[in-house]
>>> print(open('start.csv').read())   # CSV, C-alpha atoms (C1' of nucleotides)
chain,number,residue,atom,x,y,z
M,1,MET,CA,70.7,75.7,126.4
M,2,LEU,CA,67.0,76.1,126.2
M,3,ASN,CA,65.4,77.6,123.2
M,4,ASN,CA,68.0,77.3,120.5
M,5,SER,CA,65.9,75.5,118.0
M,6,GLN,CA,65.2,78.8,116.3
M,7,TYR,CA,68.9,79.3,115.7
M,8,ILE,CA,69.4,75.8,114.6
M,9,ASP,CA,66.6,76.2,112.1
M,10,LYS,CA,67.9,79.5,110.9
M,11,LEU,CA,71.4,78.2,110.4
M,12,ARG,CA,70.3,75.0,108.7
M,13,SER,CA,67.9,76.9,106.4
M,14,SER,CA,70.8,79.0,105.2
M,15,GLY,CA,73.1,76.1,104.6
M,16,LEU,CA,75.2,76.7,107.7
M,17,ARG,CA,75.8,73.7,109.9
M,18,PRO,CA,74.5,74.5,113.4
M,19,THR,CA,77.7,73.9,115.3
M,20,LYS,CA,77.7,74.8,119.0
M,21,GLN,CA,80.0,77.7,118.3
M,22,ARG,CA,77.6,79.2,115.8
M,23,ILE,CA,74.7,78.7,118.1
M,24,LYS,CA,76.5,80.4,120.9
M,25,ILE,CA,77.3,83.3,118.7
M,26,CYS,CA,73.7,83.5,117.7
M,27,GLU,CA,72.7,83.6,121.3
M,28,VAL,CA,75.2,86.4,122.0
M,29,LEU,CA,74.1,88.4,119.0
M,30,PHE,CA,70.4,87.8,118.7
M,31,ASN,CA,69.1,86.8,122.1
M,32,THR,CA,67.7,90.3,122.8
M,33,HIS,CA,65.2,92.6,121.2
M,34,LYS,CA,67.7,95.4,121.1
M,35,THR,CA,70.0,95.6,118.2
M,36,PHE,CA,73.5,96.8,118.7
M,37,HIS,CA,76.9,97.6,117.1
M,38,PHE,CA,80.1,95.7,117.8
M,39,THR,CA,83.6,95.1,116.7
M,40,ILE,CA,85.1,91.6,116.5
M,41,ASN,CA,87.1,92.4,119.6
M,42,GLU,CA,84.0,93.4,121.6
M,43,LEU,CA,82.2,90.3,120.4
M,44,VAL,CA,85.0,88.1,121.6
M,45,LYS,CA,84.8,89.7,125.0
M,46,ARG,CA,81.1,89.4,125.2
M,47,ILE,CA,81.3,85.7,124.2
M,48,SER,CA,83.9,84.9,126.8
M,49,LYS,CA,81.8,86.6,129.5
M,50,LEU,CA,78.7,84.5,128.6
M,51,THR,CA,80.3,81.1,128.0
M,52,ASN,CA,82.8,78.8,129.5
M,53,ASP,CA,84.0,77.0,126.4
M,54,LYS,CA,86.0,79.5,124.5
M,55,ILE,CA,85.6,80.1,120.8
M,56,SER,CA,88.7,80.6,118.8
M,57,LEU,CA,89.2,84.0,117.2
M,58,ALA,CA,89.3,82.5,113.8
M,59,THR,CA,85.9,81.0,114.3
M,60,VAL,CA,84.5,84.3,115.4
M,61,TYR,CA,85.8,86.0,112.2
M,62,ASN,CA,84.5,83.1,110.1
M,63,THR,CA,81.1,83.2,111.7
M,64,VAL,CA,80.7,86.9,111.5
M,65,HIS,CA,81.6,86.9,107.9
M,66,ALA,CA,79.2,84.0,107.2
M,67,PHE,CA,76.4,85.8,109.0
M,68,LYS,CA,77.2,89.0,107.1
M,69,ASN,CA,77.0,87.1,103.8
M,70,LYS,CA,73.7,85.6,104.8
M,71,GLY,CA,72.3,89.0,105.7
M,72,TYR,CA,72.1,88.5,109.4
M,73,LEU,CA,74.6,91.2,110.1
M,74,LYS,CA,75.5,94.4,108.3
M,75,GLU,CA,79.0,95.9,108.2
M,76,ILE,CA,79.0,99.7,108.8
M,77,PRO,CA,81.3,101.7,106.6
M,78,ILE,CA,83.5,103.8,108.9
M,79,ASN,CA,87.1,104.7,108.8
M,80,SER,CA,88.2,103.0,111.8
M,81,ASP,CA,91.1,100.8,112.8
M,82,GLN,CA,88.6,98.0,113.0
M,83,SER,CA,85.3,96.9,111.4
M,84,TYR,CA,82.0,97.6,112.9
M,85,PHE,CA,79.0,95.3,112.5
M,86,ASP,CA,75.3,95.9,113.2
M,87,THR,CA,72.7,93.4,114.3
M,88,ASN,CA,70.1,95.7,112.9
M,89,THR,CA,69.9,94.8,109.3
M,90,SER,CA,66.9,96.9,108.6
M,91,HIS,CA,67.3,100.1,106.6
M,92,HIS,CA,68.7,102.8,108.7
M,93,HIS,CA,71.7,105.1,109.1
M,94,HIS,CA,74.3,106.1,111.7
M,95,PHE,CA,75.8,108.9,113.6
M,96,TYR,CA,79.5,108.4,114.4
M,97,ASP,CA,80.6,110.4,117.4
M,98,GLU,CA,84.3,111.1,116.6
M,99,THR,CA,85.0,112.3,120.1
M,100,GLN,CA,83.8,109.2,121.8
M,101,LYS,CA,84.3,106.8,118.9
M,102,ASP,CA,80.7,105.8,119.4
M,103,LEU,CA,78.1,104.7,116.8
M,104,ILE,CA,74.5,105.6,117.2
M,105,ASP,CA,71.5,104.5,115.1
M,106,ILE,CA,69.5,107.0,113.2
M,107,ASP,CA,66.0,105.9,112.9
M,108,ASP,CA,65.0,105.5,109.3
M,109,ALA,CA,62.1,107.8,109.9
M,110,ASP,CA,64.5,110.6,110.9
M,111,VAL,CA,66.2,110.6,107.5
M,112,GLU,CA,64.5,111.8,104.4
M,113,PRO,CA,64.8,109.2,101.7
M,114,VAL,CA,68.1,109.7,99.9
M,115,LYS,CA,67.4,110.2,96.3
M,116,ILE,CA,70.2,109.5,93.8
M,117,ASN,CA,69.5,111.0,90.4
M,118,THR,CA,72.2,109.3,88.6
M,119,ARG,CA,73.2,105.7,87.8
M,120,ILE,CA,76.1,103.8,86.6
M,121,PRO,CA,75.3,101.8,83.5
M,122,GLY,CA,75.4,98.0,84.1
M,123,LYS,CA,75.4,98.4,87.9
M,124,LYS,CA,72.6,98.1,90.3
M,125,ILE,CA,72.4,99.7,93.7
M,126,LYS,CA,73.1,97.4,96.6
M,127,SER,CA,72.8,99.8,99.4
M,128,VAL,CA,72.7,103.5,100.3
M,129,GLU,CA,74.3,104.4,103.6
M,130,VAL,CA,74.4,107.7,105.3
M,131,LEU,CA,77.1,108.3,107.9
M,132,VAL,CA,76.7,111.5,109.9
M,133,LYS,CA,79.9,112.4,111.7
M,134,VAL,CA,79.4,114.5,114.8
M,135,GLU,CA,81.7,116.0,117.4
M,136,ASP,CA,81.4,117.9,120.6
M,137,ASP,CA,79.8,121.3,120.2
M,138,LYS,CA,81.9,123.8,121.9
M,139,SER,CA,80.1,126.9,120.8
F,1,MET,CA,110.2,123.7,90.5
F,2,LEU,CA,108.3,126.5,89.0
F,3,ASN,CA,105.2,127.7,90.5
F,4,ASN,CA,105.3,126.3,94.0
F,5,SER,CA,104.8,129.6,95.8
F,6,GLN,CA,101.1,128.9,96.0
F,7,TYR,CA,101.8,125.6,97.9
F,8,ILE,CA,104.4,127.3,100.1
F,9,ASP,CA,101.9,130.0,101.1
F,10,LYS,CA,99.2,127.4,101.6
F,11,LEU,CA,101.4,125.3,103.9
F,12,ARG,CA,102.8,128.3,105.8
F,13,SER,CA,99.4,129.8,106.3
F,14,SER,CA,98.2,126.6,107.9
F,15,GLY,CA,101.2,126.3,110.2
F,16,LEU,CA,102.9,123.6,108.3
F,17,ARG,CA,106.5,124.2,107.3
F,18,PRO,CA,107.0,124.1,103.6
F,19,THR,CA,109.5,121.3,103.4
F,20,LYS,CA,110.4,119.9,100.0
F,21,GLN,CA,108.6,116.7,100.7
F,22,ARG,CA,105.4,118.5,101.5
F,23,ILE,CA,105.7,120.7,98.4
F,24,LYS,CA,106.3,117.7,96.2
F,25,ILE,CA,103.2,115.9,97.7
F,26,CYS,CA,101.2,119.1,97.0
F,27,GLU,CA,102.3,119.0,93.4
F,28,VAL,CA,101.3,115.4,93.0
F,29,LEU,CA,97.9,115.9,94.7
F,30,PHE,CA,96.9,119.4,93.6
F,31,ASN,CA,98.6,120.2,90.3
F,32,THR,CA,95.6,119.4,88.3
F,33,HIS,CA,92.1,120.6,88.0
F,34,LYS,CA,90.7,117.1,88.3
F,35,THR,CA,90.2,115.8,91.7
F,36,PHE,CA,90.7,112.1,92.4
F,37,HIS,CA,90.7,109.4,95.0
F,38,PHE,CA,93.7,107.5,96.2
F,39,THR,CA,95.1,105.1,98.8
F,40,ILE,CA,98.4,105.7,100.5
F,41,ASN,CA,99.9,103.0,98.3
F,42,GLU,CA,98.8,104.6,95.1
F,43,LEU,CA,100.1,107.9,96.3
F,44,VAL,CA,103.5,106.5,97.0
F,45,LYS,CA,103.6,105.0,93.5
F,46,ARG,CA,102.5,108.3,91.9
F,47,ILE,CA,105.2,110.2,93.9
F,48,SER,CA,108.0,107.9,92.9
F,49,LYS,CA,106.9,108.1,89.3
F,50,LEU,CA,107.1,111.9,89.4
F,51,THR,CA,110.1,112.5,91.4
F,52,ASN,CA,113.7,111.3,91.8
F,53,ASP,CA,114.2,112.0,95.5
F,54,LYS,CA,112.1,109.4,97.2
F,55,ILE,CA,109.9,110.3,100.1
F,56,SER,CA,109.7,107.9,103.0
F,57,LEU,CA,106.5,106.0,103.7
F,58,ALA,CA,106.2,107.5,107.1
F,59,THR,CA,106.4,111.0,105.7
F,60,VAL,CA,103.6,110.2,103.2
F,61,TYR,CA,101.4,109.0,106.1
F,62,ASN,CA,102.3,112.1,108.2
F,63,THR,CA,101.6,114.5,105.3
F,64,VAL,CA,98.4,112.9,104.3
F,65,HIS,CA,97.1,113.1,107.9
F,66,ALA,CA,98.3,116.6,108.2
F,67,PHE,CA,96.5,117.6,105.0
F,68,LYS,CA,93.4,115.8,106.1
F,69,ASN,CA,93.4,117.7,109.4
F,70,LYS,CA,93.8,121.0,107.7
F,71,GLY,CA,90.9,120.1,105.4
F,72,TYR,CA,92.9,119.7,102.2
F,73,LEU,CA,91.9,116.1,101.9
F,74,LYS,CA,88.9,114.1,102.9
F,75,GLU,CA,88.9,110.5,104.0
F,76,ILE,CA,86.2,108.5,102.5
F,77,PRO,CA,84.4,106.1,104.8
F,78,ILE,CA,84.5,102.6,103.3
F,79,ASN,CA,85.1,99.2,104.6
F,80,SER,CA,88.2,98.3,102.9
F,81,ASP,CA,91.6,97.0,103.8
F,82,GLN,CA,93.0,100.4,103.2
F,83,SER,CA,92.0,104.0,103.6
F,84,TYR,CA,90.8,106.1,100.7
F,85,PHE,CA,91.3,109.8,100.4
F,86,ASP,CA,89.8,112.4,98.2
F,87,THR,CA,91.3,115.6,96.9
F,88,ASN,CA,87.8,116.8,96.3
F,89,THR,CA,86.9,118.4,99.6
F,90,SER,CA,83.7,119.9,98.4
F,91,HIS,CA,80.4,118.4,99.5
F,92,HIS,CA,79.7,115.4,97.4
F,93,HIS,CA,79.1,111.6,97.7
F,94,HIS,CA,80.3,108.4,96.3
F,95,PHE,CA,79.5,105.2,94.6
F,96,TYR,CA,81.6,102.3,95.6
F,97,ASP,CA,81.7,99.5,93.0
F,98,GLU,CA,82.1,96.4,95.0
F,99,THR,CA,82.9,94.3,91.9
F,100,GLN,CA,85.8,96.4,90.7
F,101,LYS,CA,86.6,98.0,94.1
F,102,ASP,CA,86.3,101.3,92.4
F,103,LEU,CA,85.2,104.7,93.9
F,104,ILE,CA,83.2,107.1,91.7
F,105,ASP,CA,82.1,110.6,92.6
F,106,ILE,CA,78.5,111.4,92.7
F,107,ASP,CA,78.0,115.0,91.8
F,108,ASP,CA,76.3,116.9,94.6
F,109,ALA,CA,73.6,118.0,92.3
F,110,ASP,CA,72.7,114.4,91.7
F,111,VAL,CA,71.8,113.8,95.3
F,112,GLU,CA,68.9,115.4,97.0
F,113,PRO,CA,70.1,117.1,100.2
F,114,VAL,CA,70.1,114.6,103.0
F,115,LYS,CA,67.8,115.8,105.7
F,116,ILE,CA,68.5,114.5,109.2
F,117,ASN,CA,65.5,115.2,111.5
F,118,THR,CA,67.2,114.3,114.7
F,119,ARG,CA,70.2,115.6,116.7
F,120,ILE,CA,72.4,114.4,119.5
F,121,PRO,CA,72.4,116.9,122.3
F,122,GLY,CA,75.8,118.6,122.8
F,123,LYS,CA,77.1,117.4,119.4
F,124,LYS,CA,77.3,119.2,116.2
F,125,ILE,CA,77.3,117.7,112.7
F,126,LYS,CA,80.7,117.6,111.1
F,127,SER,CA,79.8,115.8,107.9
F,128,VAL,CA,77.1,113.9,106.2
F,129,GLU,CA,78.4,111.3,103.8
F,130,VAL,CA,76.4,109.1,101.5
F,131,LEU,CA,78.0,105.9,100.2
F,132,VAL,CA,76.1,104.1,97.5
F,133,LYS,CA,77.3,100.6,97.0
F,134,VAL,CA,76.8,99.1,93.6
F,135,GLU,CA,77.5,95.8,92.0
F,136,ASP,CA,77.1,94.3,88.5
F,137,ASP,CA,73.6,94.1,87.3
F,138,LYS,CA,73.0,90.5,86.1
F,139,SER,CA,69.3,90.8,85.5
N,1,DT,C1',78.5,53.0,112.2
N,2,DT,C1',81.2,54.9,108.8
N,3,DC,C1',82.3,58.3,105.6
N,4,DT,C1',82.9,62.8,103.9
N,5,DA,C1',82.5,67.4,103.5
N,6,DC,C1',82.2,71.1,106.4
N,7,DA,C1',84.0,73.5,110.8
N,8,DT,C1',87.1,74.7,114.3
N,9,DT,C1',91.4,75.6,116.1
N,10,DA,C1',96.1,77.4,117.2
N,11,DT,C1',99.4,79.5,115.1
N,12,DA,C1',101.8,81.7,111.4
N,13,DA,C1',101.6,85.0,107.9
N,14,DT,C1',100.2,89.3,105.9
N,15,DA,C1',99.4,94.1,105.3
N,16,DG,C1',98.2,98.6,106.6
N,17,DT,C1',99.5,101.9,109.7
N,18,DT,C1',101.9,103.9,113.7
N,19,DC,C1',105.9,104.4,116.7
N,20,DT,C1',110.7,105.4,117.7
N,21,DA,C1',114.7,107.8,118.1
N,22,DA,C1',118.3,109.7,115.5
N,23,DA,C1',119.5,112.8,111.9
N,24,DC,C1',118.1,116.8,109.4
N,25,DT,C1',116.2,121.5,108.2
N,26,DG,C1',113.2,125.8,108.3
N,27,DT,C1',112.7,129.7,111.0
N,28,DT,C1',113.6,133.0,114.5
N,29,DG,C1',116.1,136.3,116.6
N,30,DA,C1',120.6,138.0,118.1
Q,1,DT,C1',124.9,135.8,109.1
Q,2,DC,C1',124.6,132.3,112.1
Q,3,DA,C1',123.4,129.7,116.2
Q,4,DA,C1',119.8,127.4,118.4
Q,5,DC,C1',115.6,125.2,118.6
Q,6,DA,C1',111.4,123.3,117.3
Q,7,DG,C1',109.4,121.0,113.8
Q,8,DT,C1',110.3,117.3,110.1
Q,9,DT,C1',112.0,113.4,107.9
Q,10,DT,C1',113.7,108.9,107.9
Q,11,DA,C1',114.5,103.7,108.2
Q,12,DG,C1',113.2,100.3,110.4
Q,13,DA,C1',110.8,98.2,114.2
Q,14,DA,C1',106.5,97.5,116.4
Q,15,DC,C1',101.7,97.0,116.4
Q,16,DT,C1',97.2,95.4,115.2
Q,17,DA,C1',93.3,93.8,112.6
Q,18,DT,C1',92.5,90.3,109.6
Q,19,DT,C1',93.3,86.2,106.7
Q,20,DA,C1',95.7,81.8,105.6
Q,21,DT,C1',97.3,77.2,106.9
Q,22,DA,C1',96.9,72.7,107.9
Q,23,DA,C1',95.8,69.5,111.3
Q,24,DT,C1',92.0,67.9,114.1
Q,25,DG,C1',87.2,67.5,115.1
Q,26,DT,C1',82.2,67.0,114.1
Q,27,DA,C1',77.4,67.1,111.8
Q,28,DG,C1',74.7,64.7,108.7
Q,29,DA,C1',73.8,61.3,105.2
Q,30,DA,C1',74.0,56.7,103.7
>>> encode(input="start.csv", output="structure tokens")
Amino acid sequence: MLNNSQYIDKLRSSGLRPTKQRIKICEVLFNTHKTFHFTINELVKRISKLTNDKISLATVYNTVHAFKNKGYLKEIPINSDQSYFDTNTSHHHHFYDETQKDLIDIDDADVEPVKINTRIPGKKIKSVEVLVKVEDDKS
Amino acid sequence: MLNNSQYIDKLRSSGLRPTKQRIKICEVLFNTHKTFHFTINELVKRISKLTNDKISLATVYNTVHAFKNKGYLKEIPINSDQSYFDTNTSHHHHFYDETQKDLIDIDDADVEPVKINTRIPGKKIKSVEVLVKVEDDKS
DNA sequence: TTCTACATTATAATAGTTCTAAACTGTTGA
DNA sequence: TCAACAGTTTAGAACTATTATAATGTAGAA
């Protein structure tokens, strides 16, 4: 437990109590410059690999949802049997490899801005997400 | 049971036996010029409203998946507690109204073609889907 | 220190979807 | 026409991700 004051501040400033579970989850999710995708299941495994005190499944769900609501995580819209989350909250899109069931970032610079020339009255756009499904090329 | 030969042909030509359940589901899904979105749940309700012989839930799932695999239906990528399908298999995109949990088509003409300037070696693009999430505009 | 509201926890509950295995039916070919 | 077989349907059980419950624990304020 060295440099967790950043997480404590972050949590406190968004109205979340800095509990040791939340700090640990912050470490697992944000203690790297690389962003990544994960499912709850994968996160639970990652946590138990990196810590001795186990965190209950319910807490992991609660925390991930709290972080998502605060904008620290994004949920990626995919039809899958489980939800995918992304620690990269900047604007970008995804490939989904249906063969390997693998998610890959598409750098925002590699996608021309998506222009929507229609609106729904009384609604404002919250996000525009592009999902590019790919499969093995057997040609 | 009048003009079902079209469905029988369609099914047979794609290697699906034209059972009476499948024909009935074709009627429910394709007997209109309007395309629409549905969940399995909604489809089951729609079927039971339009027919007397009930079709088992398992068959509805099987049939929807078979139709999806044959390209007669598209699954719409959304994070939801249930899967959404679309009888409109042409290239188009969607608004998802998070307030009302409602899906709305975006005419393909209203979206500038999405240009992806990167590829994954050995993979070919299967689909490019844009999901525009909207919410009530309280400004 | 004490109090209180917020968090965590194990477990139960829920709900969508898939599996199972027995019964049924379209299709083929004799 | 009819037997045989592979594909299909079915009810219900099983499975799995997620959410709810309610008791216990804990951070932060007074």
>>> residues_around(input="start.csv", residues="DC6 (chain N)", least_positions_apart="6", cutoff="10 Å", atoms="all atoms listed in the file", output="PyMOL selection string")
(chain M and resi 16-17) or (chain Q and resi 26-27)
>>> interface_residues(input="start.csv", of="chain N", to="chain M", cutoff="9 Å", atoms="all atoms listed in the file", output="ChimeraX atom specification")
/N:6-10
>>> atom_distance(input="start.csv", atom1="CA of Arg119 (chain F)", atom2="CA of Val132 (chain M)")
10.3 Å
>>> interface_residues(input="start.csv", of="chain Q", to="chain M", cutoff="10 Å", atoms="all atoms listed in the file", output="PyMOL selection string")
chain Q and resi 16-19+26-28
>>> closest_residue(input="start.csv", among="M:Thr32, M:Ser13, M:Asn4, M:Asn117", to="chain F", atoms="only C-alpha atoms")
M:Asn117
>>> residues_around(input="start.csv", residues="Glu42 (chain M)", least_positions_apart="5", cutoff="12 Å", atoms="all atoms listed in the file", output="list of chain:residue names")
M:Val28, M:Leu29, M:Phe36, M:His37, M:Ile47, M:Ser48, M:Lys49, M:Leu57, M:Val60, M:Gln82, M:Ser83, M:Tyr84, M:Phe85
>>> closest_atom_pairs(input="start.csv", of="chain M", to="chain F", cutoff="10 Å", atoms="only C-alpha atoms", output="CSV")
residue,atom,partner,partner_atom,distance
M:Glu75,CA,F:Asn79,CA,7.8
M:Ile76,CA,F:Asn79,CA,7.4
M:Pro77,CA,F:Ile78,CA,4.7
M:Ile78,CA,F:Pro77,CA,4.8
M:Asn79,CA,F:Pro77,CA,5.0
M:Ser80,CA,F:Pro77,CA,8.5
M:Asp81,CA,F:Asp81,CA,9.8
M:Gln82,CA,F:Asn79,CA,9.2
M:Ser83,CA,F:Asn79,CA,7.2
M:Tyr84,CA,F:Asn79,CA,9.0
M:His93,CA,F:Val130,CA,9.8
M:His94,CA,F:Val128,CA,9.9
M:Phe95,CA,F:Ile120,CA,8.8
M:Tyr96,CA,F:Ile125,CA,9.7
M:Asp97,CA,F:Lys123,CA,8.1
M:Glu98,CA,F:Lys126,CA,9.2
M:Thr99,CA,F:Lys123,CA,9.4
M:Ile104,CA,F:Ile120,CA,9.3
M:Ile106,CA,F:Thr118,CA,7.8
M:Asp107,CA,F:Thr118,CA,8.7
M:Asp108,CA,F:Ile116,CA,9.7
M:Ala109,CA,F:Asn117,CA,8.3
M:Asp110,CA,F:Asn117,CA,4.7
M:Val111,CA,F:Ile116,CA,4.8
M:Glu112,CA,F:Lys115,CA,5.3
M:Pro113,CA,F:Val114,CA,7.7
M:Val114,CA,F:Val114,CA,6.1
M:Lys115,CA,F:Glu112,CA,5.5
M:Ile116,CA,F:Val111,CA,4.8
M:Asn117,CA,F:Asp110,CA,4.8
M:Thr118,CA,F:Asp110,CA,6.0
M:Arg119,CA,F:Ile106,CA,9.2
M:Ile120,CA,F:Val134,CA,8.5
M:Pro121,CA,F:Asp137,CA,8.8
M:Gly122,CA,F:Asp137,CA,5.4
M:Lys123,CA,F:Asp136,CA,4.5
M:Lys124,CA,F:Asp137,CA,5.1
M:Ile125,CA,F:Val134,CA,4.4
M:Lys126,CA,F:Val134,CA,5.1
M:Ser127,CA,F:Lys133,CA,5.2
M:Val128,CA,F:Val132,CA,4.4
M:Glu129,CA,F:Leu131,CA,5.2
M:Val130,CA,F:Val130,CA,4.5
M:Leu131,CA,F:Glu129,CA,5.2
M:Val132,CA,F:Val128,CA,4.4
M:Lys133,CA,F:Ser127,CA,5.1
M:Val134,CA,F:Ile125,CA,4.4
M:Glu135,CA,F:Lys123,CA,5.2
M:Asp136,CA,F:Lys123,CA,4.5
M:Asp137,CA,F:Lys123,CA,4.8
M:Lys138,CA,F:Gly122,CA,8.1
M:Ser139,CA,F:Lys124,CA,9.4
>>> atom_distance(input="start.csv", atom1="CA of Tyr72 (chain F)", atom2="CA of Asp86 (chain F)")
8.9 Å
>>> atom_distance(input="start.csv", atom1="CA of Leu50 (chain F)", atom2="CA of Lys20 (chain F)")
13.7 Å
>>> residues_near_point(input="start.csv", point="(117.8, 111.8, 111.9)", cutoff="10 Å", atoms="only C-alpha atoms (C1' of nucleotides)", output="PyMOL selection string")
(chain N and resi 21-24) or (chain Q and resi 8-11)
>>> build_atoms(input="start.csv", residues="region 111-118 of chain F", atoms="all heavy atoms", output="CSV table (one decimal), keeping the file's coordinate frame")
chain,number,residue,atom,x,y,z
F,111,VAL,N,72.4,114.3,94.1
F,111,VAL,CA,71.8,113.8,95.3
F,111,VAL,C,71.0,114.8,96.0
F,111,VAL,O,71.4,115.9,96.2
F,111,VAL,CB,73.0,113.4,96.3
F,111,VAL,CG1,72.4,112.8,97.6
F,111,VAL,CG2,73.9,112.4,95.6
F,112,GLU,N,69.8,114.5,96.3
F,112,GLU,CA,68.9,115.4,97.0
F,112,GLU,C,69.5,115.6,98.4
F,112,GLU,O,70.0,114.6,99.0
F,112,GLU,CB,67.5,114.8,97.2
F,112,GLU,CG,66.9,114.2,95.9
F,112,GLU,CD,66.2,115.3,95.1
F,112,GLU,OE1,65.6,116.2,95.7
F,112,GLU,OE2,66.3,115.3,93.8
F,113,PRO,N,69.5,116.8,98.9
F,113,PRO,CA,70.1,117.1,100.2
F,113,PRO,C,69.6,116.1,101.2
F,113,PRO,O,68.4,115.9,101.3
F,113,PRO,CB,69.6,118.5,100.5
F,113,PRO,CG,69.3,119.1,99.1
F,113,PRO,CD,68.9,118.0,98.2
F,114,VAL,N,70.5,115.6,102.0
F,114,VAL,CA,70.1,114.6,103.0
F,114,VAL,C,69.6,115.3,104.2
F,114,VAL,O,70.4,116.1,104.8
F,114,VAL,CB,71.3,113.7,103.3
F,114,VAL,CG1,70.9,112.7,104.4
F,114,VAL,CG2,71.8,113.0,102.1
F,115,LYS,N,68.4,115.1,104.6
F,115,LYS,CA,67.8,115.8,105.7
F,115,LYS,C,67.8,114.9,106.9
F,115,LYS,O,67.1,113.8,106.9
F,115,LYS,CB,66.4,116.3,105.4
F,115,LYS,CG,66.0,117.5,106.1
F,115,LYS,CD,65.1,118.5,105.4
F,115,LYS,CE,64.7,119.6,106.3
F,115,LYS,NZ,64.0,119.2,107.5
F,116,ILE,N,68.4,115.3,108.0
F,116,ILE,CA,68.5,114.5,109.2
F,116,ILE,C,67.6,115.2,110.2
F,116,ILE,O,67.9,116.3,110.7
F,116,ILE,CB,69.9,114.4,109.8
F,116,ILE,CG1,70.9,114.1,108.7
F,116,ILE,CG2,70.0,113.4,110.9
F,116,ILE,CD1,70.8,112.7,108.1
F,117,ASN,N,66.5,114.6,110.6
F,117,ASN,CA,65.5,115.2,111.5
F,117,ASN,C,65.7,114.9,113.0
F,117,ASN,O,64.8,114.9,113.7
F,117,ASN,CB,64.1,114.9,111.1
F,117,ASN,CG,63.8,115.3,109.7
F,117,ASN,OD1,64.3,116.4,109.3
F,117,ASN,ND2,63.1,114.5,108.9
F,118,THR,N,66.9,114.6,113.3
F,118,THR,CA,67.2,114.3,114.7
F,118,THR,C,68.6,114.8,115.0
F,118,THR,O,69.4,114.9,114.1
F,118,THR,CB,67.0,112.8,115.0
F,118,THR,OG1,67.3,112.6,116.4
F,118,THR,CG2,68.0,112.0,114.2
